[in-house]
file work07.txt (compact mmCIF, C-alpha atoms and all ligand atoms)
# COMPACT_ATOMS: atom_id res chain seq x y z
CA MET A 30 -26.89 -0.81 32.78
CA ASN A 31 -30.36 0.08 31.68
CA ASP A 32 -31.84 -3.12 32.99
CA ILE A 33 -30.43 -2.55 36.43
CA PHE A 34 -31.81 0.97 36.51
CA LYS A 35 -35.19 -0.04 35.18
CA GLN A 36 -35.62 -2.69 37.83
CA THR A 37 -34.44 -0.49 40.64
CA HIS A 38 -36.47 2.53 39.73
CA LYS A 39 -39.61 0.60 38.97
CA ASN A 40 -39.47 -0.49 42.58
CA ASN A 41 -38.63 2.95 43.86
CA ILE A 42 -41.41 4.81 42.10
CA PRO A 43 -43.64 6.74 42.90
CA THR A 44 -41.15 9.03 44.58
CA VAL A 45 -38.23 10.14 42.45
CA VAL A 46 -36.42 11.68 45.38
CA THR A 47 -35.04 9.08 47.72
CA ALA A 48 -32.50 9.02 50.51
CA PHE A 49 -28.82 9.24 49.71
CA ASP A 50 -26.26 6.65 50.62
CA THR A 51 -23.13 8.63 50.06
CA GLN A 52 -20.97 6.03 51.84
CA ASN A 53 -21.58 3.37 49.25
CA GLU A 54 -21.77 5.59 46.25
CA GLU A 55 -18.37 4.98 44.69
CA GLY A 56 -18.59 1.20 44.62
CA ASN A 57 -22.21 1.01 43.58
CA ILE A 58 -22.63 -0.81 40.25
CA GLU A 59 -25.49 1.44 39.17
CA ASN A 60 -23.34 4.50 39.71
CA ILE A 61 -20.40 3.00 37.88
CA ASN A 62 -22.61 2.25 34.89
CA LEU A 63 -24.20 5.69 35.00
CA ILE A 64 -20.80 7.37 35.07
CA GLU A 65 -19.60 5.21 32.18
CA SER A 66 -22.63 6.14 30.07
CA TRP A 67 -22.13 9.81 30.83
CA GLN A 68 -18.44 9.56 29.91
CA GLN A 69 -19.40 7.82 26.68
CA VAL A 70 -21.81 10.62 25.76
CA ASN A 71 -19.13 13.20 26.53
CA LYS A 72 -16.82 11.29 24.21
CA GLN A 73 -19.46 11.29 21.45
CA VAL A 74 -19.92 15.04 21.85
CA ALA A 75 -16.15 15.58 21.70
CA GLN A 76 -15.85 13.39 18.60
CA ALA A 77 -18.69 15.21 16.85
CA CYS A 78 -17.01 18.53 17.68
CA ALA A 79 -13.69 17.28 16.28
CA GLN A 80 -15.34 16.08 13.09
CA ALA A 81 -17.36 19.27 12.46
CA PRO A 82 -14.73 20.72 13.16
CA ARG A 83 -15.69 22.78 16.20
CA GLN A 84 -13.91 23.72 19.40
CA HIS A 85 -14.19 20.91 21.94
CA ASN A 86 -15.96 23.25 24.37
CA ALA A 87 -18.37 24.68 21.77
CA VAL A 88 -21.16 22.37 22.88
CA THR A 89 -22.73 22.12 26.34
CA LEU A 90 -24.11 18.76 27.42
CA LEU A 91 -27.47 19.13 29.14
CA ALA A 92 -28.34 15.94 31.04
CA VAL A 93 -32.10 15.39 30.81
CA SER A 94 -32.93 13.88 34.18
CA LYS A 95 -36.74 13.82 34.03
CA THR A 96 -38.21 10.78 35.87
CA LYS A 97 -34.74 9.91 37.20
CA PRO A 98 -33.94 10.08 40.91
CA ALA A 99 -31.96 12.81 42.61
CA GLU A 100 -29.18 10.34 43.50
CA MET A 101 -28.32 9.98 39.84
CA ILE A 102 -28.06 13.74 39.49
CA VAL A 103 -25.75 13.87 42.51
CA THR A 104 -23.57 11.12 41.07
CA LEU A 105 -23.09 13.03 37.82
CA ALA A 106 -22.76 16.40 39.52
CA ARG A 107 -19.83 14.97 41.49
CA GLN A 108 -18.23 13.98 38.19
CA GLY A 109 -18.53 17.55 36.93
CA GLN A 110 -21.86 17.56 35.06
CA ARG A 111 -23.36 20.98 35.69
CA ASP A 112 -26.44 21.39 33.48
CA PHE A 113 -29.58 19.33 34.09
CA GLY A 114 -32.92 19.52 32.27
CA GLU A 115 -36.33 18.75 33.75
CA ASN A 116 -39.76 18.60 32.07
CA TYR A 117 -42.13 18.08 34.99
CA LEU A 118 -42.35 21.01 37.36
CA GLN A 119 -43.40 19.29 40.58
CA GLU A 120 -40.81 16.57 40.20
CA ALA A 121 -38.15 19.14 39.38
CA LEU A 122 -38.95 21.33 42.39
CA GLU A 123 -38.50 18.36 44.71
CA LYS A 124 -35.11 17.54 43.21
CA ILE A 125 -33.94 21.15 43.25
CA GLN A 126 -34.81 21.34 46.93
CA VAL A 127 -33.00 18.10 47.77
CA LEU A 128 -29.90 19.06 45.80
CA ARG A 129 -29.67 22.50 47.37
CA GLU A 130 -29.16 20.67 50.62
CA GLN A 131 -26.21 18.64 49.28
CA PRO A 132 -23.25 20.77 50.33
CA GLU A 133 -20.69 18.66 48.50
CA CYS A 134 -22.34 19.29 45.11
CA LYS A 135 -21.24 22.25 43.02
CA PRO A 136 -24.24 24.42 42.16
CA ILE A 137 -26.33 22.87 39.44
CA ILE A 138 -27.64 24.85 36.48
CA TRP A 139 -31.30 23.92 36.11
CA HIS A 140 -33.05 24.11 32.72
CA TYR A 141 -36.81 23.91 32.38
CA ILE A 142 -37.60 22.03 29.16
CA GLY A 143 -41.28 21.14 29.65
CA SER A 144 -44.39 22.92 28.47
CA ILE A 145 -45.28 26.07 30.42
CA GLN A 146 -48.80 26.93 31.53
CA ARG A 147 -49.53 30.29 33.11
CA ASN A 148 -49.93 28.85 36.60
CA LYS A 149 -46.37 27.43 36.50
CA THR A 150 -44.48 30.59 35.73
CA ARG A 151 -43.82 31.73 39.30
CA ASP A 152 -42.20 28.45 40.38
CA ILE A 153 -40.16 28.38 37.19
CA ALA A 154 -39.03 31.99 37.57
CA GLU A 155 -38.02 31.40 41.18
CA ASN A 156 -36.20 28.09 40.81
CA PHE A 157 -34.65 27.67 37.37
CA ASP A 158 -31.63 29.21 35.65
CA TRP A 159 -32.84 28.61 32.10
CA VAL A 160 -36.16 28.15 30.32
CA GLN A 161 -35.85 26.51 26.91
CA THR A 162 -39.50 26.28 25.98
CA LEU A 163 -40.72 29.84 25.68
CA GLU A 164 -43.22 30.20 22.86
CA ARG A 165 -45.70 32.92 23.89
CA GLU A 166 -45.35 36.52 24.92
CA ILE A 167 -47.76 36.24 27.83
CA ILE A 168 -45.51 33.61 29.41
CA ALA A 169 -42.45 35.79 28.87
CA LYS A 170 -44.24 38.72 30.50
CA ARG A 171 -45.12 36.66 33.57
CA LEU A 172 -41.63 35.16 33.91
CA ASN A 173 -40.17 38.66 33.67
CA GLU A 174 -42.48 39.99 36.38
CA GLN A 175 -41.97 37.00 38.65
CA ARG A 176 -38.18 36.59 38.40
CA PRO A 177 -36.91 37.51 41.88
CA ALA A 178 -34.80 40.65 42.03
CA GLU A 179 -32.00 38.93 43.94
CA LEU A 180 -31.43 36.38 41.15
CA PRO A 181 -29.67 37.07 37.85
CA PRO A 182 -31.93 37.42 34.80
CA LEU A 183 -33.54 34.17 33.68
CA ASN A 184 -31.88 32.77 30.54
CA VAL A 185 -34.47 31.98 27.91
CA LEU A 186 -34.59 30.15 24.60
CA ILE A 187 -37.50 30.38 22.22
CA GLN A 188 -38.81 26.99 21.19
CA VAL A 189 -39.48 26.88 17.46
CA ASN A 190 -41.84 24.38 15.87
CA ILE A 191 -39.44 24.08 12.99
CA ASP A 192 -41.31 21.37 11.09
CA ASN A 193 -44.75 22.89 11.70
CA GLU A 194 -46.08 19.76 13.41
CA ASP A 195 -49.48 19.83 15.13
CA SER A 196 -48.14 17.60 17.90
CA LYS A 197 -45.25 19.90 18.80
CA SER A 198 -45.03 23.03 20.90
CA GLY A 199 -43.14 26.09 19.81
CA CYS A 200 -43.78 29.16 17.75
CA LEU A 201 -43.59 29.10 13.98
CA PRO A 202 -40.56 30.68 12.33
CA ALA A 203 -42.80 33.44 10.96
CA GLU A 204 -43.82 34.37 14.52
CA LEU A 205 -40.24 34.80 15.71
CA PRO A 206 -39.69 38.49 14.82
CA ALA A 207 -42.67 39.69 16.89
CA LEU A 208 -41.78 37.46 19.82
CA ILE A 209 -38.14 38.55 19.86
CA SER A 210 -39.11 42.23 19.66
CA ALA A 211 -41.30 41.79 22.72
CA ILE A 212 -38.98 39.63 24.81
CA LYS A 213 -35.83 41.66 24.29
CA HIS A 214 -37.26 44.53 26.33
CA TYR A 215 -37.83 42.40 29.41
CA GLU A 216 -35.04 43.23 31.80
CA ARG A 217 -35.38 40.16 33.99
CA LEU A 218 -35.04 37.83 30.98
CA GLN A 219 -31.88 37.22 29.00
CA LEU A 220 -32.75 36.02 25.51
CA ARG A 221 -30.05 33.53 24.53
CA GLY A 222 -31.29 31.74 21.41
CA LEU A 223 -33.46 28.98 20.00
CA MET A 224 -34.46 25.42 20.86
CA ILE A 225 -36.03 22.79 18.58
CA ILE A 226 -37.32 19.24 18.64
CA PRO A 227 -37.35 18.29 14.96
CA ALA A 228 -39.74 15.88 13.27
CA LYS A 229 -38.74 12.20 13.33
CA ALA A 230 -38.09 12.15 9.60
CA ASN A 231 -36.11 15.36 9.97
CA THR A 232 -33.86 15.98 7.01
CA ASP A 233 -32.73 19.57 7.16
CA ALA A 234 -34.37 20.98 10.31
CA PHE A 235 -31.01 21.47 12.00
CA ALA A 236 -29.61 23.41 9.05
CA ARG A 237 -32.77 25.53 8.73
CA THR A 238 -32.70 26.38 12.43
CA LYS A 239 -29.01 27.26 12.28
CA GLN A 240 -29.82 29.65 9.42
CA LEU A 241 -32.64 31.26 11.43
CA PHE A 242 -30.32 31.59 14.41
CA GLU A 243 -27.63 33.31 12.33
CA ASP A 244 -30.13 35.61 10.58
CA ILE A 245 -31.48 36.76 13.95
CA LYS A 246 -27.95 37.38 15.23
CA ILE A 247 -27.31 39.71 12.29
CA GLU A 248 -30.70 41.44 12.56
CA HIS A 249 -30.36 41.99 16.32
CA PRO A 250 -26.86 43.20 17.16
CA GLU A 251 -28.42 44.60 20.36
CA LEU A 252 -28.65 41.04 21.67
CA PRO A 253 -25.02 40.32 22.65
CA GLN A 254 -26.02 37.19 24.56
CA TRP A 255 -27.62 35.54 21.54
CA ASP A 256 -25.32 32.52 21.67
CA THR A 257 -27.28 29.30 22.22
CA LEU A 258 -28.76 26.85 19.76
CA SER A 259 -30.29 23.94 21.66
CA MET A 260 -30.77 20.98 19.34
CA GLY A 261 -29.85 17.32 19.35
CA MET A 262 -30.93 14.48 21.65
CA SER A 263 -29.69 10.92 22.26
CA GLY A 264 -30.45 9.76 18.72
CA ASP A 265 -29.24 12.70 16.70
CA MET A 266 -26.71 14.68 18.70
CA GLY A 267 -23.90 14.10 16.19
CA GLU A 268 -25.93 15.47 13.31
CA ALA A 269 -27.08 18.42 15.41
CA ILE A 270 -23.49 19.27 16.37
CA ALA A 271 -22.39 19.00 12.73
CA ASN A 272 -25.07 21.60 11.96
CA GLY A 273 -24.08 24.10 14.62
CA SER A 274 -25.84 23.06 17.82
CA THR A 275 -24.29 24.64 20.92
CA MET A 276 -26.28 22.56 23.41
CA VAL A 277 -27.41 18.95 23.20
CA ARG A 278 -30.15 17.68 25.51
CA VAL A 279 -29.44 14.03 26.28
CA GLY A 280 -31.54 11.76 28.49
CA THR A 281 -31.73 8.13 27.39
CA ALA A 282 -28.08 7.76 26.37
CA ILE A 283 -26.97 8.87 29.83
CA PHE A 284 -29.63 7.58 32.22
CA GLY A 285 -31.14 4.67 30.31
CA ALA A 286 -34.72 4.33 29.10
CA ARG A 287 -37.42 6.15 31.03
CA ALA A 288 -40.10 4.05 32.72
C1 LIG B 301 -37.33 18.66 25.34
C2 LIG B 301 -36.54 17.40 25.47
N1 LIG B 301 -35.26 17.40 25.09
C3 LIG B 301 -34.49 16.30 25.21
C4 LIG B 301 -35.00 15.12 25.71
C5 LIG B 301 -34.08 13.91 25.83
O1 LIG B 301 -34.37 12.96 24.85
P1 LIG B 301 -33.55 11.60 24.79
O2 LIG B 301 -33.94 10.77 25.95
O3 LIG B 301 -33.93 11.01 23.47
O4 LIG B 301 -32.09 11.96 24.83
C6 LIG B 301 -36.33 15.08 26.11
C7 LIG B 301 -36.90 13.85 26.65
O5 LIG B 301 -38.04 13.69 26.87
C8 LIG B 301 -37.11 16.25 25.98
O6 LIG B 301 -38.41 16.27 26.36

call {"tool": "encode", "arguments": {"input": "work07.txt", "output": "structure tokens"}}
result
Amino acid sequence: MNDIFKQTHKNNIPTVVTAFDTQNEEGNIENINLIESWQQVNKQVAQACAQAPRQHNAVTLLAVSKTKPAEMIVTLARQGQRDFGENYLQEALEKIQVLREQPECKPIIWHYIGSIQRNKTRDIAENFDWVQTLEREIIAKRLNEQRPAELPPLNVLIQVNIDNEDSKSGCLPAELPALISAIKHYERLQLRGLMIIPAKANTDAFARTKQLFEDIKIEHPELPQWDTLSMGMSGDMGEAIANGSTMVRVGTAIFGARA
């Protein structure tokens, strides 16, 4: 499957948003392979839940669609995939626009999982349902001010640099109390939990993050929506689920390698 996608999308780039051919969609080999990969990942998630053991619906699958075309998102949305994650703002805004105009698609839940500079906050606040990469109070303040009144509060996760790596974004665990105390007062933000990208040689990052998550839940009973622990990607989703992840962010295993 991946080879077919790589070839096709290499030729289609630079634009990630291309015209739809809904007539041919069902019989298209690329779509069949994409759907099979997605079903396989769903099966892996279900198996990891059964082994943990956790409820089968305890874990949300977030399909990380960065660099992948809008048609692929439509294909999976038609199968019932609801949550999609995007890292690059401009690319994401194009896709969100295109998909809003697809009446046959159920509404998609869009998660912003890229780094956030100050000049991006308005577009993020106006177009996304979740932000998983909050790490600074100034960004939280801006998102809160810029979230449109007619939309529900923006769901936010704090990204934690759990292995204290220079190359990674996120606040340090020691910075969490101050950040949480600030964010919880913002009425247009709904603080839902934590997100991590552990180090490659991660041994116990998932368990340490789960502990942090549970400690915060006990310390902050005033946060009833504190319910989301976003950890686990294509290579480590099983381990993350075994350690209490409630949301896995999976790109490669669903869509194939990125160009
Ligand atoms: C924040 C984040 N989460 C998840 C993923 C998905 O990773 P993978 O393709 O290994 O599943 C990416 C991909 O770049 C990412 O940036």

call {"tool": "atom_distance", "arguments": {"input": "work07.txt", "atom1": "atom CA of Ala81 of chain A", "atom2": "atom CA of Ser274 of chain A"}}
result
10.7 Å

call {"tool": "atom_distance", "arguments": {"input": "work07.txt", "atom1": "atom CA of Val103 of chain A", "atom2": "atom CA of Asn62 of chain A"}}
result
14.2 Å

call {"tool": "closest_atom_pairs", "arguments": {"input": "work07.txt", "of": "chain A", "to": "ligand LIG 301 (chain B)", "cutoff": "7 Å", "atoms": "all atoms listed in the file", "output": "Markdown table"}}
result
| residue | atom | partner | partner_atom | distance |
| --- | --- | --- | --- | --- |
| A:Val93 | CA | B:LIG301 | C5 | 5.6 |
| A:Asn116 | CA | B:LIG301 | O6 | 6.3 |
| A:Ile142 | CA | B:LIG301 | C1 | 5.1 |
| A:Gly143 | CA | B:LIG301 | C1 | 6.4 |
| A:Ile226 | CA | B:LIG301 | C1 | 6.7 |
| A:Met262 | CA | B:LIG301 | O4 | 4.2 |
| A:Ser263 | CA | B:LIG301 | O4 | 3.7 |
| A:Gly264 | CA | B:LIG301 | O3 | 6.0 |
| A:Arg278 | CA | B:LIG301 | C3 | 4.6 |
| A:Val279 | CA | B:LIG301 | O4 | 3.7 |
| A:Gly280 | CA | B:LIG301 | O2 | 3.6 |
| A:Thr281 | CA | B:LIG301 | O2 | 3.7 |
| A:Ala282 | CA | B:LIG301 | O4 | 6.0 |

call {"tool": "residues_around", "arguments": {"input": "work07.txt", "residues": "Leu183 of chain A", "least_positions_apart": "3", "cutoff": "9 Å", "atoms": "all atoms listed in the file", "output": "ChimeraX atom specification"}}
result
/A:154,157-160,172-173,176,180,217-220

call {"tool": "closest_residue", "arguments": {"input": "work07.txt", "among": "A:Asn184, A:Ser210, A:Gly267, A:Pro136", "to": "Val70 of chain A", "atoms": "all atoms listed in the file"}}
result
A:Gly267

call {"tool": "residues_around", "arguments": {"input": "work07.txt", "residues": "Ala230 of chain A", "least_positions_apart": "4", "cutoff": "12 Å", "atoms": "only C-alpha atoms", "output": "list in words"}}
result
Asp192, Glu194, Ile226, Ala234, Phe235 and Asp265 of chain A

call {"tool": "atom_distance", "arguments": {"input": "work07.txt", "atom1": "atom CA of Asn148 of chain A", "atom2": "atom CA of Asp112 of chain A"}}
result
24.8 Å

call {"tool": "closest_residue", "arguments": {"input": "work07.txt", "among": "A:Val185, A:Leu63, A:Leu122, A:Ile245", "to": "Glu155 of chain A", "atoms": "only C-alpha atoms"}}
result
A:Leu122

call {"tool": "closest_residue", "arguments": {"input": "work07.txt", "among": "A:Pro182, A:Gly261, A:Gly199, A:Gly285", "to": "Val88 of chain A", "atoms": "all atoms listed in the file"}}
result
A:Gly261

call {"tool": "closest_residue", "arguments": {"input": "work07.txt", "among": "A:Glu204, A:Glu123, A:Glu100, A:Glu251", "to": "Arg165 of chain A", "atoms": "all atoms listed in the file"}}
result
A:Glu204

call {"tool": "closest_residue", "arguments": {"input": "work07.txt", "among": "A:Leu223, A:Ile167, A:Ala236, A:Ile153", "to": "Glu268 of chain A", "atoms": "all atoms listed in the file"}}
result
A:Ala236

call {"tool": "decode", "arguments": {"input": "work07.txt", "residues": "segment 71-105 of chain A", "atoms": "N, CA and C atoms", "output": "mmCIF file, in the first residue's frame"}}
result
data_model
loop_
_atom_site.group_PDB
_atom_site.id
_atom_site.type_symbol
_atom_site.label_atom_id
_atom_site.label_comp_id
_atom_site.auth_asym_id
_atom_site.auth_seq_id
_atom_site.Cartn_x
_atom_site.Cartn_y
_atom_site.Cartn_z
ATOM 1 N N ASN A 71 -7.147 -0.171 14.115
ATOM 2 C CA ASN A 71 -8.260 -0.287 15.071
ATOM 3 C C ASN A 71 -8.216 -1.626 15.804
ATOM 4 N N LYS A 72 -7.860 -2.673 15.041
ATOM 5 C CA LYS A 72 -7.765 -4.000 15.655
ATOM 6 C C LYS A 72 -6.644 -4.022 16.703
ATOM 7 N N GLN A 73 -5.502 -3.419 16.352
ATOM 8 C CA GLN A 73 -4.382 -3.375 17.301
ATOM 9 C C GLN A 73 -4.780 -2.639 18.580
ATOM 10 N N VAL A 74 -5.502 -1.536 18.409
ATOM 11 C CA VAL A 74 -5.942 -0.764 19.577
ATOM 12 C C VAL A 74 -6.883 -1.624 20.430
ATOM 13 N N ALA A 75 -7.801 -2.321 19.760
ATOM 14 C CA ALA A 75 -8.765 -3.158 20.496
ATOM 15 C C ALA A 75 -8.035 -4.282 21.226
ATOM 16 N N GLN A 76 -7.031 -4.871 20.557
ATOM 17 C CA GLN A 76 -6.291 -5.966 21.198
ATOM 18 C C GLN A 76 -5.517 -5.452 22.410
ATOM 19 N N ALA A 77 -4.893 -4.292 22.259
ATOM 20 C CA ALA A 77 -4.129 -3.726 23.385
ATOM 21 C C ALA A 77 -5.072 -3.409 24.547
ATOM 22 N N CYS A 78 -6.268 -2.940 24.237
ATOM 23 C CA CYS A 78 -7.252 -2.669 25.300
ATOM 24 C C CYS A 78 -7.637 -3.983 26.004
ATOM 25 N N ALA A 79 -7.860 -5.024 25.204
ATOM 26 C CA ALA A 79 -8.268 -6.306 25.797
ATOM 27 C C ALA A 79 -7.165 -6.863 26.691
ATOM 28 N N GLN A 80 -5.922 -6.688 26.267
ATOM 29 C CA GLN A 80 -4.811 -7.238 27.039
ATOM 30 C C GLN A 80 -4.564 -6.469 28.328
ATOM 31 N N ALA A 81 -4.864 -5.162 28.336
ATOM 32 C CA ALA A 81 -4.456 -4.301 29.467
ATOM 33 C C ALA A 81 -4.943 -4.765 30.845
ATOM 34 N N PRO A 82 -6.168 -5.159 31.118
ATOM 35 C CA PRO A 82 -7.346 -5.012 30.283
ATOM 36 C C PRO A 82 -7.984 -3.654 30.512
ATOM 37 N N ARG A 83 -8.519 -3.109 29.401
ATOM 38 C CA ARG A 83 -9.255 -1.843 29.458
ATOM 39 C C ARG A 83 -10.534 -2.017 28.640
ATOM 40 N N GLN A 84 -11.473 -1.136 28.870
ATOM 41 C CA GLN A 84 -12.692 -1.149 28.047
ATOM 42 C C GLN A 84 -12.306 -0.926 26.593
ATOM 43 N N HIS A 85 -13.020 -1.547 25.663
ATOM 44 C CA HIS A 85 -12.645 -1.415 24.256
ATOM 45 C C HIS A 85 -12.749 0.030 23.756
ATOM 46 N N ASN A 86 -13.616 0.809 24.404
ATOM 47 C CA ASN A 86 -13.777 2.207 23.962
ATOM 48 C C ASN A 86 -13.009 3.188 24.853
ATOM 49 N N ALA A 87 -12.033 2.677 25.612
ATOM 50 C CA ALA A 87 -11.281 3.550 26.525
ATOM 51 C C ALA A 87 -10.250 4.398 25.790
ATOM 52 N N VAL A 88 -9.970 4.021 24.554
ATOM 53 C CA VAL A 88 -8.897 4.692 23.814
ATOM 54 C C VAL A 88 -9.437 5.254 22.494
ATOM 55 N N THR A 89 -9.181 6.535 22.269
ATOM 56 C CA THR A 89 -9.577 7.176 21.009
ATOM 57 C C THR A 89 -8.411 7.080 20.028
ATOM 58 N N LEU A 90 -8.729 6.733 18.796
ATOM 59 C CA LEU A 90 -7.706 6.716 17.748
ATOM 60 C C LEU A 90 -7.728 8.063 17.021
ATOM 61 N N LEU A 91 -6.606 8.772 17.133
ATOM 62 C CA LEU A 91 -6.441 10.033 16.399
ATOM 63 C C LEU A 91 -5.612 9.724 15.153
ATOM 64 N N ALA A 92 -6.184 9.948 13.981
ATOM 65 C CA ALA A 92 -5.465 9.678 12.726
ATOM 66 C C ALA A 92 -4.635 10.917 12.367
ATOM 67 N N VAL A 93 -3.322 10.757 12.351
ATOM 68 C CA VAL A 93 -2.434 11.902 12.080
ATOM 69 C C VAL A 93 -2.252 12.023 10.564
ATOM 70 N N SER A 94 -2.926 13.018 10.002
ATOM 71 C CA SER A 94 -3.033 13.117 8.544
ATOM 72 C C SER A 94 -2.097 14.167 7.943
ATOM 73 N N LYS A 95 -1.113 14.628 8.710
ATOM 74 C CA LYS A 95 -0.225 15.671 8.174
ATOM 75 C C LYS A 95 0.467 15.176 6.903
ATOM 76 N N THR A 96 0.563 16.028 5.925
ATOM 77 C CA THR A 96 1.143 15.797 4.588
ATOM 78 C C THR A 96 0.284 14.872 3.706
ATOM 79 N N LYS A 97 -0.809 14.369 4.228
ATOM 80 C CA LYS A 97 -1.656 13.467 3.435
ATOM 81 C C LYS A 97 -2.846 14.240 2.863
ATOM 82 N N PRO A 98 -3.305 13.843 1.678
ATOM 83 C CA PRO A 98 -4.340 14.649 1.015
ATOM 84 C C PRO A 98 -5.723 14.514 1.640
ATOM 85 N N ALA A 99 -6.540 15.517 1.379
ATOM 86 C CA ALA A 99 -7.886 15.551 1.937
ATOM 87 C C ALA A 99 -8.720 14.332 1.528
ATOM 88 N N GLU A 100 -8.453 13.781 0.325
ATOM 89 C CA GLU A 100 -9.241 12.606 -0.097
ATOM 90 C C GLU A 100 -9.096 11.454 0.886
ATOM 91 N N MET A 101 -7.884 11.300 1.414
ATOM 92 C CA MET A 101 -7.674 10.192 2.347
ATOM 93 C C MET A 101 -8.480 10.410 3.625
ATOM 94 N N ILE A 102 -8.562 11.660 4.036
ATOM 95 C CA ILE A 102 -9.337 11.971 5.243
ATOM 96 C C ILE A 102 -10.809 11.665 4.989
ATOM 97 N N VAL A 103 -11.280 12.038 3.799
ATOM 98 C CA VAL A 103 -12.687 11.765 3.460
ATOM 99 C C VAL A 103 -12.945 10.265 3.467
ATOM 100 N N THR A 104 -12.029 9.518 2.872
ATOM 101 C CA THR A 104 -12.210 8.059 2.818
ATOM 102 C C THR A 104 -12.379 7.486 4.220
ATOM 103 N N LEU A 105 -11.523 7.906 5.141
ATOM 104 C CA LEU A 105 -11.608 7.356 6.504
ATOM 105 C C LEU A 105 -12.805 7.928 7.262
#
